[in-house]
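Trainee: Let me begin by handing over the structure; questions about it come next.
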Amino acid sequence: MALLGATLVGAAAIAAPPYYRVEIDAPAPLRKILETYLDLARYQSREDIGEDQLKFMLATASAQVTDLVSTEGYFTPHTSIAAQDDGKGKLVRITVDPGPRTIVSAADIGVTGAVAGEDPQRIAAIRSSWSLPPGQAFRQEDWDAAKDQGLQTLQKSRYAAARLADSQARIDPERHDAQLSANYDSGPAFTLGELQISGTRRYPAQIIRNVNPLSPGESYSAERLLALQRQIQSTPYFSNAIVSIDDDPAHPDMTPVKVQVSEFPAQRIRTGVGYSTDTGAQVEGRYSHYNVFNRAWTFDSQVKLEQQRQYGMLELAMPPDSKSFVNSVNTSRDRTTLEGVDLRSFRVGVKRARSREFYDTAYTLDYYSDQLQQENGATLPPDTVTAPGIHHALVPGFSWARRDVDNAIFPRQGHLLSLQAGFALKGLLTDQTFTRLDVRYRRYVPVGKRDLMIFRTEGGAVFTKGSSTQVPASLLFRAGGSDSVRGYDYQSIGNEKNGTVFPNKYLLTGSAEYQHWFNQQWGAAVFYDIGTTADNWSNKQFFTGTGVGARWRSPVGVVNADLAYGVQRQQFRPHISLGIAF
């Protein structure tokens, strides 16, 4: 019984109401601030508040209200506070009449230092973009943001030591008037010197120097330092990089660029499982070694097993050279069983590639050996584009890509363009002479503050004299699927013969999509896709698809979940994909 009694007493104590409650009557924006920061409101749920503490908070509440609402531009509020016992405990009612809001009547912006003689346009930009101009309501948060914006305009390039020399907000509570003044000192113009690198243990610091896009003597720019940071982190060696300079105005010329890095371990193993509406369930394993021969050579191996595709890859790459190029050798084996076609492709090659802030360039020499047959083993029809059996090609190639988007993971504005070209000559480990081109383009157009439109197109062609029966099938084209024409099975648009879809010489696809974002994470989309493949343009047939989808911004990119209707085949098909820009 004693234990039961103690339990009941404890439960009653837990369920007991707070010592006092607070009700605030004020305009909604101010009420939220007071409920968050006013001591009386913050502490009302605590049970350890004594009578003396409550009296103190009641006595100081009016002054605290004045301080809090003044941050929103209300400097002469009228506050009434009443406390009474309503039978459920003490109830504190706070009524706030904020009075007229203070309006900015003047904003005087001054800038001194080297910028006055070297870049007067920068001063004009600070004044024209000042975010708290006359006529706008005064808020402390807006005042702080305006001062910081002006400072950032100076500091982002050349004037690393710029500072806010003085600022003043002269408030006249009787007239509800605010007169602002801010004076900046740009200091001297800075130029960048040599790199000072720290944190390297496993991998040579020369890797960082080789990918460094900065030139000694160039003007300081925060964006250029970020470009170096991104270049370092695009290599497989460093998990993090901090790039900075000493902004000492006494030493602005050739100031050293300090680079502090954290390294990845020498070896990494990654595994994963997943599902794609294009190729089915999958399991994947990858092993990488980033310090082969203790010379920062990288070895990369990958195996991906999917229901309709099995892929394996090996690559050995040297670290970036003095021109930022990475030289590598690679080989891969890829088997797909799609739309009645069993395609086994073996490739081995060498590559010289460079990845810059906005451009990627690669020179390749690849040997292809493809075997194509029908899945059921039947003889292929004589009018297919690709003949049965094994076909070979030695293909010198060139690829180039340009990225000009505002955000690499979640782009809202800009464009992406990639170009691939290659050729092969019969007799040089090649069965048939041909030239191959593939162009992709994607455009992002913002609509309002949240929405956007995405346009994409791809065109591909294999040029030969006569038919392309001896060209390796993996170099020809099929369409359909998540990143092609939705509403159709993956690679189901091509040269269809007796229910089997073979690849063609030409490809053309396009898409228009409108995305509406409800918040920062979730959105919806409507889209229209169109595309075709053909052996010659006289017998082409365009396939169209349309549908709706959901969008989710995951940590690694936008996840797309679509339901599309293929008009020509009168079918609905789901598509799930991760929208990472090429």
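Starting from 1 in every chain, residues are counted up; chains themselves are A, B, ... following the order of the structure tokens, and ligands are numbered from 1 as listed.
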So that I can check the surroundings of region 393-403 of chain A, please list as a short mmCIF file (atom, residue, chain, number, x, y, z; two decimals) with N, CA, C and O atoms, in the first residue's frame every protein, DNA and RNA residue that reaches within 7 Å of it, counting only C-alpha atoms and ignoring chain neighbours fewer than 5 positions away.

Mentor:
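Contents of out38.cif, freshly written:
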```cif
data_model
loop_
_atom_site.label_atom_id
_atom_site.label_comp_id
_atom_site.auth_asym_id
_atom_site.auth_seq_id
_atom_site.Cartn_x
_atom_site.Cartn_y
_atom_site.Cartn_z
N PHE A 358 33.76 24.12 -64.73
CA PHE A 358 32.59 24.16 -65.62
C PHE A 358 32.72 23.22 -66.82
O PHE A 358 31.74 23.03 -67.54
N TYR A 359 33.92 22.66 -67.05
CA TYR A 359 34.12 21.87 -68.25
C TYR A 359 34.77 20.53 -67.91
O TYR A 359 35.63 20.45 -67.03
N ASP A 360 34.36 19.50 -68.64
CA ASP A 360 35.02 18.20 -68.61
C ASP A 360 35.48 17.89 -70.02
O ASP A 360 34.74 18.10 -71.00
N THR A 361 36.71 17.36 -70.12
CA THR A 361 37.26 16.99 -71.42
C THR A 361 37.90 15.62 -71.30
O THR A 361 38.56 15.33 -70.30
N ALA A 362 37.70 14.77 -72.31
CA ALA A 362 38.29 13.43 -72.28
C ALA A 362 38.67 13.00 -73.69
O ALA A 362 37.91 13.23 -74.65
N TYR A 363 39.85 12.38 -73.80
CA TYR A 363 40.30 11.74 -75.03
C TYR A 363 40.40 10.25 -74.74
O TYR A 363 41.00 9.84 -73.73
N THR A 364 39.83 9.43 -75.60
CA THR A 364 39.75 8.00 -75.33
C THR A 364 40.18 7.18 -76.54
O THR A 364 40.10 7.65 -77.69
N LEU A 365 40.60 5.97 -76.28
CA LEU A 365 40.85 4.97 -77.31
C LEU A 365 40.32 3.66 -76.76
O LEU A 365 40.90 3.08 -75.83
N ASP A 366 39.18 3.21 -77.30
CA ASP A 366 38.48 2.04 -76.77
C ASP A 366 38.35 0.96 -77.84
O ASP A 366 38.06 1.25 -79.02
N TYR A 367 38.53 -0.27 -77.40
CA TYR A 367 38.29 -1.43 -78.26
C TYR A 367 37.02 -2.11 -77.79
O TYR A 367 36.89 -2.48 -76.61
N TYR A 368 36.06 -2.28 -78.70
CA TYR A 368 34.77 -2.91 -78.40
C TYR A 368 34.71 -4.28 -79.05
O TYR A 368 35.12 -4.46 -80.21
N SER A 369 34.16 -5.21 -78.30
CA SER A 369 33.84 -6.54 -78.84
C SER A 369 32.46 -6.91 -78.33
O SER A 369 32.28 -7.25 -77.16
N HIS A 415 22.22 25.56 -67.72
CA HIS A 415 22.13 24.50 -68.71
C HIS A 415 23.31 23.55 -68.61
O HIS A 415 24.36 23.86 -68.03
N LEU A 416 23.13 22.37 -69.17
CA LEU A 416 24.15 21.33 -69.25
C LEU A 416 24.24 20.89 -70.70
O LEU A 416 23.22 20.68 -71.37
N LEU A 417 25.45 20.73 -71.18
CA LEU A 417 25.66 20.31 -72.56
C LEU A 417 26.79 19.30 -72.60
O LEU A 417 27.85 19.51 -71.99
N SER A 418 26.57 18.19 -73.29
CA SER A 418 27.65 17.21 -73.46
C SER A 418 27.70 16.75 -74.91
O SER A 418 26.67 16.67 -75.59
N LEU A 419 28.90 16.45 -75.35
CA LEU A 419 29.14 16.02 -76.73
C LEU A 419 30.11 14.85 -76.71
O LEU A 419 31.14 14.90 -76.03
N GLN A 420 29.79 13.80 -77.45
CA GLN A 420 30.67 12.65 -77.62
C GLN A 420 30.83 12.39 -79.11
O GLN A 420 29.85 12.43 -79.87
N ALA A 421 32.06 12.12 -79.51
CA ALA A 421 32.34 11.84 -80.91
C ALA A 421 33.40 10.76 -81.01
O ALA A 421 34.32 10.69 -80.17
N GLY A 422 33.29 9.91 -82.02
CA GLY A 422 34.27 8.86 -82.23
C GLY A 422 34.18 8.33 -83.65
O GLY A 422 33.20 8.58 -84.37
N PHE A 423 35.21 7.60 -84.06
CA PHE A 423 35.20 7.02 -85.40
C PHE A 423 35.99 5.72 -85.38
O PHE A 423 36.75 5.44 -84.43
N ALA A 424 35.80 4.93 -86.41
CA ALA A 424 36.53 3.67 -86.55
C ALA A 424 36.76 3.38 -88.03
O ALA A 424 35.93 3.75 -88.87
N LEU A 428 41.38 -1.85 -89.06
CA LEU A 428 42.16 -1.53 -87.87
C LEU A 428 41.40 -2.06 -86.65
O LEU A 428 40.78 -1.30 -85.90
N LEU A 429 41.42 -3.38 -86.48
CA LEU A 429 40.67 -4.06 -85.42
C LEU A 429 39.19 -3.69 -85.46
O LEU A 429 38.50 -3.69 -84.44
N THR A 430 38.70 -3.38 -86.65
CA THR A 430 37.34 -2.90 -86.84
C THR A 430 36.69 -3.60 -88.02
O THR A 430 37.32 -3.77 -89.07
N ASP A 431 35.42 -4.00 -87.85
CA ASP A 431 34.71 -4.72 -88.92
C ASP A 431 34.10 -3.79 -89.95
O ASP A 431 33.90 -4.19 -91.10
N PRO A 472 29.41 -2.54 -83.62
CA PRO A 472 29.03 -3.09 -82.31
C PRO A 472 27.72 -2.49 -81.82
O PRO A 472 27.52 -1.27 -81.86
#
```

Trainee: Using only C-alpha atoms, which residues sit within 12 Å of region 459-464 of chain A once same-chain residues fewer than 4 positions away are excluded, as a short mmCIF file (atom, residue, chain, number, x, y, z; two decimals) with all heavy atoms, in the first residue's frame?

Mentor:
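As a result, part23.cif now contains:
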```
data_model
loop_
_atom_site.label_atom_id
_atom_site.label_comp_id
_atom_site.auth_asym_id
_atom_site.auth_seq_id
_atom_site.Cartn_x
_atom_site.Cartn_y
_atom_site.Cartn_z
N VAL A 385 19.08 -4.16 -88.16
CA VAL A 385 20.17 -3.22 -88.39
C VAL A 385 21.52 -3.85 -88.04
O VAL A 385 22.52 -3.63 -88.71
CB VAL A 385 19.95 -1.94 -87.56
CG1 VAL A 385 21.13 -1.00 -87.69
CG2 VAL A 385 18.67 -1.24 -88.01
N LEU A 417 25.45 20.73 -71.18
CA LEU A 417 25.66 20.31 -72.56
C LEU A 417 26.79 19.30 -72.60
O LEU A 417 27.85 19.51 -71.99
CB LEU A 417 26.02 21.52 -73.43
CG LEU A 417 26.41 21.22 -74.89
CD1 LEU A 417 25.23 20.63 -75.66
CD2 LEU A 417 26.92 22.49 -75.57
N SER A 418 26.57 18.19 -73.29
CA SER A 418 27.65 17.21 -73.46
C SER A 418 27.70 16.75 -74.91
O SER A 418 26.67 16.67 -75.59
CB SER A 418 27.45 16.01 -72.53
OG SER A 418 26.40 15.18 -72.97
N LEU A 419 28.90 16.45 -75.35
CA LEU A 419 29.14 16.02 -76.73
C LEU A 419 30.11 14.85 -76.71
O LEU A 419 31.14 14.90 -76.03
CB LEU A 419 29.73 17.18 -77.55
CG LEU A 419 30.32 16.82 -78.93
CD1 LEU A 419 29.21 16.38 -79.88
CD2 LEU A 419 31.09 17.99 -79.51
N GLN A 420 29.79 13.80 -77.45
CA GLN A 420 30.67 12.65 -77.62
C GLN A 420 30.83 12.39 -79.11
O GLN A 420 29.85 12.43 -79.87
CB GLN A 420 30.11 11.41 -76.94
CG GLN A 420 30.05 11.48 -75.43
CD GLN A 420 29.51 10.22 -74.81
OE1 GLN A 420 28.90 9.39 -75.48
NE2 GLN A 420 29.71 10.06 -73.51
N ALA A 421 32.06 12.12 -79.51
CA ALA A 421 32.34 11.84 -80.91
C ALA A 421 33.40 10.76 -81.01
O ALA A 421 34.32 10.69 -80.17
CB ALA A 421 32.81 13.11 -81.64
N GLY A 422 33.29 9.91 -82.02
CA GLY A 422 34.27 8.86 -82.23
C GLY A 422 34.18 8.33 -83.65
O GLY A 422 33.20 8.58 -84.37
N PHE A 423 35.21 7.60 -84.06
CA PHE A 423 35.20 7.02 -85.40
C PHE A 423 35.99 5.72 -85.38
O PHE A 423 36.75 5.44 -84.43
CB PHE A 423 35.80 7.99 -86.42
CG PHE A 423 37.27 8.22 -86.25
CD1 PHE A 423 38.21 7.46 -86.95
CD2 PHE A 423 37.74 9.20 -85.39
CE1 PHE A 423 39.58 7.68 -86.78
CE2 PHE A 423 39.10 9.42 -85.21
CZ PHE A 423 40.02 8.65 -85.91
N ALA A 424 35.80 4.93 -86.41
CA ALA A 424 36.53 3.67 -86.55
C ALA A 424 36.76 3.38 -88.03
O ALA A 424 35.93 3.75 -88.87
CB ALA A 424 35.75 2.52 -85.90
N LEU A 425 37.90 2.76 -88.34
CA LEU A 425 38.27 2.45 -89.72
C LEU A 425 38.37 0.95 -89.91
O LEU A 425 39.05 0.26 -89.14
CB LEU A 425 39.61 3.11 -90.07
CG LEU A 425 39.65 4.65 -89.97
CD1 LEU A 425 41.05 5.16 -90.24
CD2 LEU A 425 38.66 5.27 -90.95
N LYS A 426 37.69 0.46 -90.91
CA LYS A 426 37.68 -0.97 -91.19
C LYS A 426 39.11 -1.47 -91.43
O LYS A 426 39.90 -0.84 -92.13
CB LYS A 426 36.82 -1.25 -92.41
CG LYS A 426 36.67 -2.73 -92.73
CD LYS A 426 35.72 -2.94 -93.89
CE LYS A 426 35.56 -4.44 -94.19
NZ LYS A 426 34.60 -4.67 -95.31
N ASP A 431 35.42 -4.00 -87.85
CA ASP A 431 34.71 -4.72 -88.92
C ASP A 431 34.10 -3.79 -89.95
O ASP A 431 33.90 -4.19 -91.10
CB ASP A 431 33.60 -5.58 -88.31
CG ASP A 431 34.14 -6.68 -87.40
OD1 ASP A 431 35.32 -7.05 -87.55
OD2 ASP A 431 33.38 -7.16 -86.53
N GLN A 432 33.75 -2.55 -89.56
CA GLN A 432 33.06 -1.65 -90.48
C GLN A 432 33.41 -0.21 -90.14
O GLN A 432 33.42 0.18 -88.97
CB GLN A 432 31.54 -1.85 -90.39
CG GLN A 432 30.76 -1.00 -91.38
CD GLN A 432 29.27 -1.31 -91.32
OE1 GLN A 432 28.83 -2.11 -90.50
NE2 GLN A 432 28.48 -0.69 -92.19
N THR A 433 33.71 0.59 -91.13
CA THR A 433 34.03 2.00 -90.93
C THR A 433 32.77 2.78 -90.53
O THR A 433 31.71 2.59 -91.13
CB THR A 433 34.61 2.60 -92.22
OG1 THR A 433 35.83 1.93 -92.55
CG2 THR A 433 34.88 4.09 -92.06
N PHE A 434 32.91 3.64 -89.53
CA PHE A 434 31.77 4.46 -89.12
C PHE A 434 32.26 5.67 -88.33
O PHE A 434 33.40 5.71 -87.85
CB PHE A 434 30.77 3.66 -88.28
CG PHE A 434 31.31 3.20 -86.94
CD1 PHE A 434 31.23 4.01 -85.81
CD2 PHE A 434 31.91 1.96 -86.83
CE1 PHE A 434 31.72 3.59 -84.59
CE2 PHE A 434 32.41 1.53 -85.60
CZ PHE A 434 32.33 2.34 -84.48
N THR A 435 31.36 6.64 -88.20
CA THR A 435 31.55 7.80 -87.33
C THR A 435 30.34 7.88 -86.40
O THR A 435 29.21 7.69 -86.85
CB THR A 435 31.67 9.10 -88.13
OG1 THR A 435 32.81 9.01 -89.01
CG2 THR A 435 31.85 10.31 -87.21
N ARG A 436 30.59 8.19 -85.14
CA ARG A 436 29.50 8.23 -84.17
C ARG A 436 29.48 9.57 -83.45
O ARG A 436 30.52 10.07 -83.01
CB ARG A 436 29.65 7.11 -83.14
CG ARG A 436 28.50 7.02 -82.14
CD ARG A 436 28.73 5.89 -81.15
NE ARG A 436 27.55 5.63 -80.32
CZ ARG A 436 27.26 6.27 -79.19
NH1 ARG A 436 28.08 7.23 -78.75
NH2 ARG A 436 26.18 5.95 -78.50
N LEU A 437 28.26 10.16 -83.30
CA LEU A 437 28.07 11.41 -82.57
C LEU A 437 26.92 11.24 -81.59
O LEU A 437 25.92 10.57 -81.90
CB LEU A 437 27.76 12.56 -83.53
CG LEU A 437 28.84 12.99 -84.52
CD1 LEU A 437 28.28 14.05 -85.47
CD2 LEU A 437 30.06 13.52 -83.78
N ASP A 438 27.03 11.87 -80.43
CA ASP A 438 25.95 11.87 -79.45
C ASP A 438 25.99 13.21 -78.72
O ASP A 438 27.02 13.61 -78.17
CB ASP A 438 26.12 10.72 -78.45
CG ASP A 438 24.96 10.63 -77.47
OD1 ASP A 438 23.81 10.77 -77.91
OD2 ASP A 438 25.20 10.45 -76.26
N VAL A 439 24.85 13.93 -78.72
CA VAL A 439 24.76 15.25 -78.11
C VAL A 439 23.59 15.25 -77.13
O VAL A 439 22.49 14.79 -77.48
CB VAL A 439 24.56 16.36 -79.16
CG1 VAL A 439 24.46 17.73 -78.47
CG2 VAL A 439 25.69 16.36 -80.16
N ARG A 440 23.82 15.77 -75.93
CA ARG A 440 22.76 15.90 -74.93
C ARG A 440 22.74 17.34 -74.42
O ARG A 440 23.79 17.96 -74.23
CB ARG A 440 23.00 14.97 -73.74
CG ARG A 440 23.02 13.49 -74.09
CD ARG A 440 23.20 12.66 -72.84
NE ARG A 440 23.31 11.24 -73.15
CZ ARG A 440 23.37 10.29 -72.23
NH1 ARG A 440 23.34 10.61 -70.94
NH2 ARG A 440 23.46 9.02 -72.59
N TYR A 441 21.53 17.82 -74.20
CA TYR A 441 21.37 19.19 -73.71
C TYR A 441 20.22 19.22 -72.71
O TYR A 441 19.17 18.58 -72.93
CB TYR A 441 21.08 20.16 -74.85
CG TYR A 441 20.93 21.60 -74.41
CD1 TYR A 441 22.04 22.35 -74.04
CD2 TYR A 441 19.68 22.20 -74.36
CE1 TYR A 441 21.91 23.67 -73.63
CE2 TYR A 441 19.53 23.51 -73.96
CZ TYR A 441 20.65 24.25 -73.59
OH TYR A 441 20.52 25.55 -73.19
N SER A 468 24.55 -0.70 -91.15
CA SER A 468 25.45 -0.70 -89.99
C SER A 468 25.50 -2.08 -89.34
O SER A 468 25.67 -2.18 -88.13
CB SER A 468 24.98 0.35 -88.99
OG SER A 468 23.65 0.09 -88.61
N THR A 469 25.38 -3.13 -90.13
CA THR A 469 25.25 -4.47 -89.57
C THR A 469 26.48 -4.93 -88.81
O THR A 469 26.39 -5.79 -87.93
CB THR A 469 24.94 -5.48 -90.69
OG1 THR A 469 25.97 -5.39 -91.71
CG2 THR A 469 23.58 -5.21 -91.32
N GLN A 470 27.65 -4.39 -89.12
CA GLN A 470 28.88 -4.83 -88.46
C GLN A 470 29.35 -3.89 -87.35
O GLN A 470 30.42 -4.10 -86.78
CB GLN A 470 30.01 -4.98 -89.50
CG GLN A 470 29.69 -5.93 -90.65
CD GLN A 470 29.41 -7.34 -90.15
OE1 GLN A 470 30.17 -7.87 -89.35
NE2 GLN A 470 28.33 -7.94 -90.63
N VAL A 471 28.56 -2.85 -87.06
CA VAL A 471 28.91 -1.92 -85.98
C VAL A 471 28.53 -2.57 -84.64
O VAL A 471 27.43 -3.12 -84.51
CB VAL A 471 28.17 -0.58 -86.15
CG1 VAL A 471 28.45 0.35 -84.96
CG2 VAL A 471 28.59 0.09 -87.45
N PRO A 472 29.41 -2.54 -83.62
CA PRO A 472 29.03 -3.09 -82.31
C PRO A 472 27.72 -2.49 -81.82
O PRO A 472 27.52 -1.27 -81.86
CB PRO A 472 30.21 -2.69 -81.41
CG PRO A 472 31.38 -2.62 -82.36
CD PRO A 472 30.81 -2.08 -83.65
N ALA A 473 26.83 -3.37 -81.35
CA ALA A 473 25.48 -2.93 -81.01
C ALA A 473 25.46 -1.92 -79.87
O ALA A 473 24.55 -1.08 -79.79
CB ALA A 473 24.64 -4.14 -80.63
N SER A 474 26.43 -1.96 -78.96
CA SER A 474 26.44 -1.01 -77.84
C SER A 474 26.72 0.42 -78.30
O SER A 474 26.53 1.35 -77.52
CB SER A 474 27.47 -1.43 -76.79
OG SER A 474 28.77 -1.44 -77.34
N LEU A 475 27.15 0.60 -79.55
CA LEU A 475 27.39 1.93 -80.09
C LEU A 475 26.20 2.46 -80.89
O LEU A 475 26.24 3.59 -81.38
CB LEU A 475 28.65 1.93 -80.96
CG LEU A 475 29.95 1.62 -80.22
CD1 LEU A 475 31.10 1.45 -81.19
CD2 LEU A 475 30.26 2.70 -79.21
N LEU A 476 25.16 1.64 -81.06
CA LEU A 476 23.93 2.06 -81.72
C LEU A 476 22.92 2.53 -80.66
O LEU A 476 23.26 2.65 -79.49
CB LEU A 476 23.39 0.91 -82.57
CG LEU A 476 24.33 0.44 -83.69
CD1 LEU A 476 23.78 -0.81 -84.35
CD2 LEU A 476 24.55 1.54 -84.73
N PHE A 477 21.69 2.77 -81.06
CA PHE A 477 20.77 3.48 -80.18
C PHE A 477 19.42 2.78 -80.06
O PHE A 477 18.86 2.30 -81.05
CB PHE A 477 20.52 4.90 -80.71
CG PHE A 477 21.77 5.72 -80.83
CD1 PHE A 477 22.41 5.85 -82.06
CD2 PHE A 477 22.32 6.36 -79.73
CE1 PHE A 477 23.56 6.61 -82.19
CE2 PHE A 477 23.47 7.12 -79.84
CZ PHE A 477 24.09 7.25 -81.07
N ARG A 478 18.91 2.76 -78.84
CA ARG A 478 17.51 2.46 -78.54
C ARG A 478 17.00 3.54 -77.58
O ARG A 478 17.80 4.19 -76.91
CB ARG A 478 17.35 1.07 -77.92
CG ARG A 478 17.56 -0.06 -78.90
CD ARG A 478 17.29 -1.42 -78.29
NE ARG A 478 18.35 -1.86 -77.38
CZ ARG A 478 18.36 -3.04 -76.77
NH1 ARG A 478 17.36 -3.91 -76.97
NH2 ARG A 478 19.35 -3.37 -75.97
N ALA A 479 15.69 3.70 -77.49
CA ALA A 479 15.10 4.73 -76.63
C ALA A 479 14.05 4.09 -75.73
O ALA A 479 13.68 2.93 -75.88
CB ALA A 479 14.49 5.85 -77.47
N SER A 484 14.63 8.92 -70.87
CA SER A 484 14.47 8.96 -72.32
C SER A 484 13.03 9.34 -72.64
O SER A 484 12.64 10.50 -72.49
CB SER A 484 14.86 7.61 -72.92
OG SER A 484 14.74 7.62 -74.33
N PRO A 503 18.82 -2.31 -81.89
CA PRO A 503 19.24 -0.91 -81.94
C PRO A 503 19.28 -0.37 -83.36
O PRO A 503 19.39 -1.12 -84.32
CB PRO A 503 20.63 -0.93 -81.30
CG PRO A 503 21.12 -2.32 -81.51
CD PRO A 503 19.93 -3.21 -81.47
N ASN A 504 19.20 0.96 -83.47
CA ASN A 504 19.18 1.67 -84.74
C ASN A 504 20.36 2.63 -84.86
O ASN A 504 21.10 2.86 -83.90
CB ASN A 504 17.88 2.45 -84.90
CG ASN A 504 16.77 1.61 -85.51
OD1 ASN A 504 17.01 0.80 -86.40
ND2 ASN A 504 15.55 1.81 -85.04
N LYS A 505 20.48 3.23 -86.05
CA LYS A 505 21.59 4.14 -86.33
C LYS A 505 21.35 5.55 -85.79
O LYS A 505 22.32 6.25 -85.48
CB LYS A 505 21.83 4.23 -87.84
CG LYS A 505 22.36 2.95 -88.46
CD LYS A 505 22.39 3.05 -89.98
CE LYS A 505 23.29 4.14 -90.48
NZ LYS A 505 23.37 4.15 -91.97
N TYR A 506 20.08 5.96 -85.68
CA TYR A 506 19.79 7.35 -85.34
C TYR A 506 18.86 7.41 -84.11
O TYR A 506 17.99 6.55 -83.94
CB TYR A 506 19.14 8.08 -86.51
CG TYR A 506 19.96 8.04 -87.77
CD1 TYR A 506 19.55 7.27 -88.86
CD2 TYR A 506 21.14 8.76 -87.88
CE1 TYR A 506 20.30 7.22 -90.02
CE2 TYR A 506 21.91 8.71 -89.03
CZ TYR A 506 21.48 7.94 -90.10
OH TYR A 506 22.24 7.88 -91.24
N LEU A 507 19.05 8.46 -83.34
CA LEU A 507 18.25 8.68 -82.14
C LEU A 507 17.91 10.15 -82.01
O LEU A 507 18.75 11.02 -82.24
CB LEU A 507 19.03 8.24 -80.88
CG LEU A 507 18.48 8.69 -79.51
CD1 LEU A 507 17.25 7.86 -79.15
CD2 LEU A 507 19.54 8.58 -78.43
N LEU A 508 16.66 10.44 -81.60
CA LEU A 508 16.27 11.81 -81.29
C LEU A 508 15.19 11.75 -80.22
O LEU A 508 14.15 11.10 -80.40
CB LEU A 508 15.73 12.53 -82.53
CG LEU A 508 15.34 14.01 -82.31
CD1 LEU A 508 16.57 14.83 -81.91
CD2 LEU A 508 14.72 14.58 -83.58
N THR A 509 15.42 12.39 -79.07
CA THR A 509 14.43 12.45 -78.00
C THR A 509 14.34 13.88 -77.47
O THR A 509 15.29 14.66 -77.59
CB THR A 509 14.77 11.51 -76.83
OG1 THR A 509 15.98 11.96 -76.19
CG2 THR A 509 14.93 10.07 -77.30
N GLY A 510 13.21 14.19 -76.86
CA GLY A 510 13.02 15.50 -76.24
C GLY A 510 12.03 15.40 -75.10
O GLY A 510 11.21 14.47 -75.05
N GLY A 531 10.13 10.87 -78.73
CA GLY A 531 11.40 10.35 -79.23
C GLY A 531 11.22 9.30 -80.30
O GLY A 531 10.13 8.76 -80.50
N THR A 532 12.32 9.03 -80.98
CA THR A 532 12.32 8.01 -82.02
C THR A 532 13.74 7.50 -82.23
O THR A 532 14.72 8.17 -81.87
CB THR A 532 11.79 8.58 -83.35
OG1 THR A 532 11.69 7.53 -84.31
CG2 THR A 532 12.72 9.65 -83.91
N THR A 533 13.84 6.31 -82.77
CA THR A 533 15.11 5.80 -83.33
C THR A 533 14.79 5.27 -84.72
O THR A 533 13.65 4.83 -84.99
CB THR A 533 15.71 4.68 -82.47
OG1 THR A 533 14.89 3.52 -82.56
CG2 THR A 533 15.86 5.10 -81.03
N ALA A 534 15.77 5.30 -85.60
CA ALA A 534 15.51 4.87 -86.97
C ALA A 534 16.80 4.46 -87.64
O ALA A 534 17.89 4.93 -87.28
CB ALA A 534 14.84 5.99 -87.76
N ASP A 535 16.67 3.58 -88.64
CA ASP A 535 17.81 3.23 -89.49
C ASP A 535 17.95 4.23 -90.62
O ASP A 535 19.04 4.47 -91.12
CB ASP A 535 17.63 1.81 -90.04
CG ASP A 535 18.88 1.32 -90.77
OD1 ASP A 535 19.99 1.71 -90.35
OD2 ASP A 535 18.73 0.56 -91.73
N ASN A 536 16.86 4.85 -91.01
CA ASN A 536 16.86 5.99 -91.93
C ASN A 536 15.64 6.82 -91.62
O ASN A 536 14.61 6.32 -91.14
CB ASN A 536 16.89 5.54 -93.40
CG ASN A 536 15.70 4.65 -93.74
OD1 ASN A 536 14.58 5.14 -93.87
ND2 ASN A 536 15.94 3.35 -93.87
N TRP A 537 15.71 8.13 -91.90
CA TRP A 537 14.66 9.04 -91.44
C TRP A 537 13.37 8.89 -92.23
O TRP A 537 12.32 9.37 -91.80
CB TRP A 537 15.16 10.48 -91.54
CG TRP A 537 16.16 10.79 -90.47
CD1 TRP A 537 17.47 11.07 -90.63
CD2 TRP A 537 15.92 10.82 -89.06
NE1 TRP A 537 18.08 11.28 -89.42
CE2 TRP A 537 17.15 11.13 -88.43
CE3 TRP A 537 14.79 10.61 -88.26
CZ2 TRP A 537 17.28 11.23 -87.05
CZ3 TRP A 537 14.92 10.71 -86.89
CH2 TRP A 537 16.15 11.02 -86.29
#
```

Trainee: Name the residues in contact with Val259 (chain A) at a cut-off of 10 Å, using only C-alpha atoms, excluding same-chain residues fewer than 4 positions from it; report them as a ChimeraX atom specification.

Mentor: /A:195-199,208,225,228-229,232,241-245

Trainee: Using only C-alpha atoms, determine which residues lie at most 10 Å from Ala227 (chain A), disregarding the query and same-chain residues fewer than 5 positions distant; provide the list as a ChimeraX atom specification.

Mentor: /A:212-214,221-222,232-233,243,356-358

Trainee: What is the CA of Phe138 (chain A) to CA of Ile171 (chain A) distance in Å?

Mentor: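 Taking CA of Phe138 (chain A) and CA of Ile171 (chain A), their separation equals 9.6 Å.
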
Trainee: DSSP on the backbone, strand (DSSP E or B) only: what residues of region 409-528 of chain A does that give? Format it as a PyMOL selection string.

Mentor: chain A and resi 414-424+434-447+451-463+477+479+493+495-497+500-502+504+506-517+522-528

Trainee: State, in Å with one decimal place, the distance from CA of Gly117 (chain A) to CA of Thr255 (chain A).

Mentor: 21.7 Å

Trainee: Would you mind reading off the distance between CA of Val329 (chain A) and CA of Ser301 (chain A), one decimal, in Å?

Mentor: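 Interatomic distance here is 12.2 Å.
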
Trainee: For Asp172 (chain A), work out the shell of residues within 9 Å, counting only C-alpha atoms and skipping chain neighbours fewer than 4 positions away, then give it as a list in words.

Mentor: Phe75, Thr102, His176, Asp177, Ala178 and Gln179 of chain A

Trainee: May I ask which of the residues A:Leu372, A:Leu91, A:Val567, A:Leu314 is the closest one to Val350 (chain A), counting only C-alpha atoms?

Mentor: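 Under the stated criterion, the closest residue is A:Leu314.
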
Trainee: Give me the residues within 12 Å of Arg309 (chain A) as an MDAnalysis selection string, counting only C-alpha atoms and dropping any in the same chain fewer than 6 places off.

Mentor: chainID A and resid 276 278:284 303 333:338 341:345 490
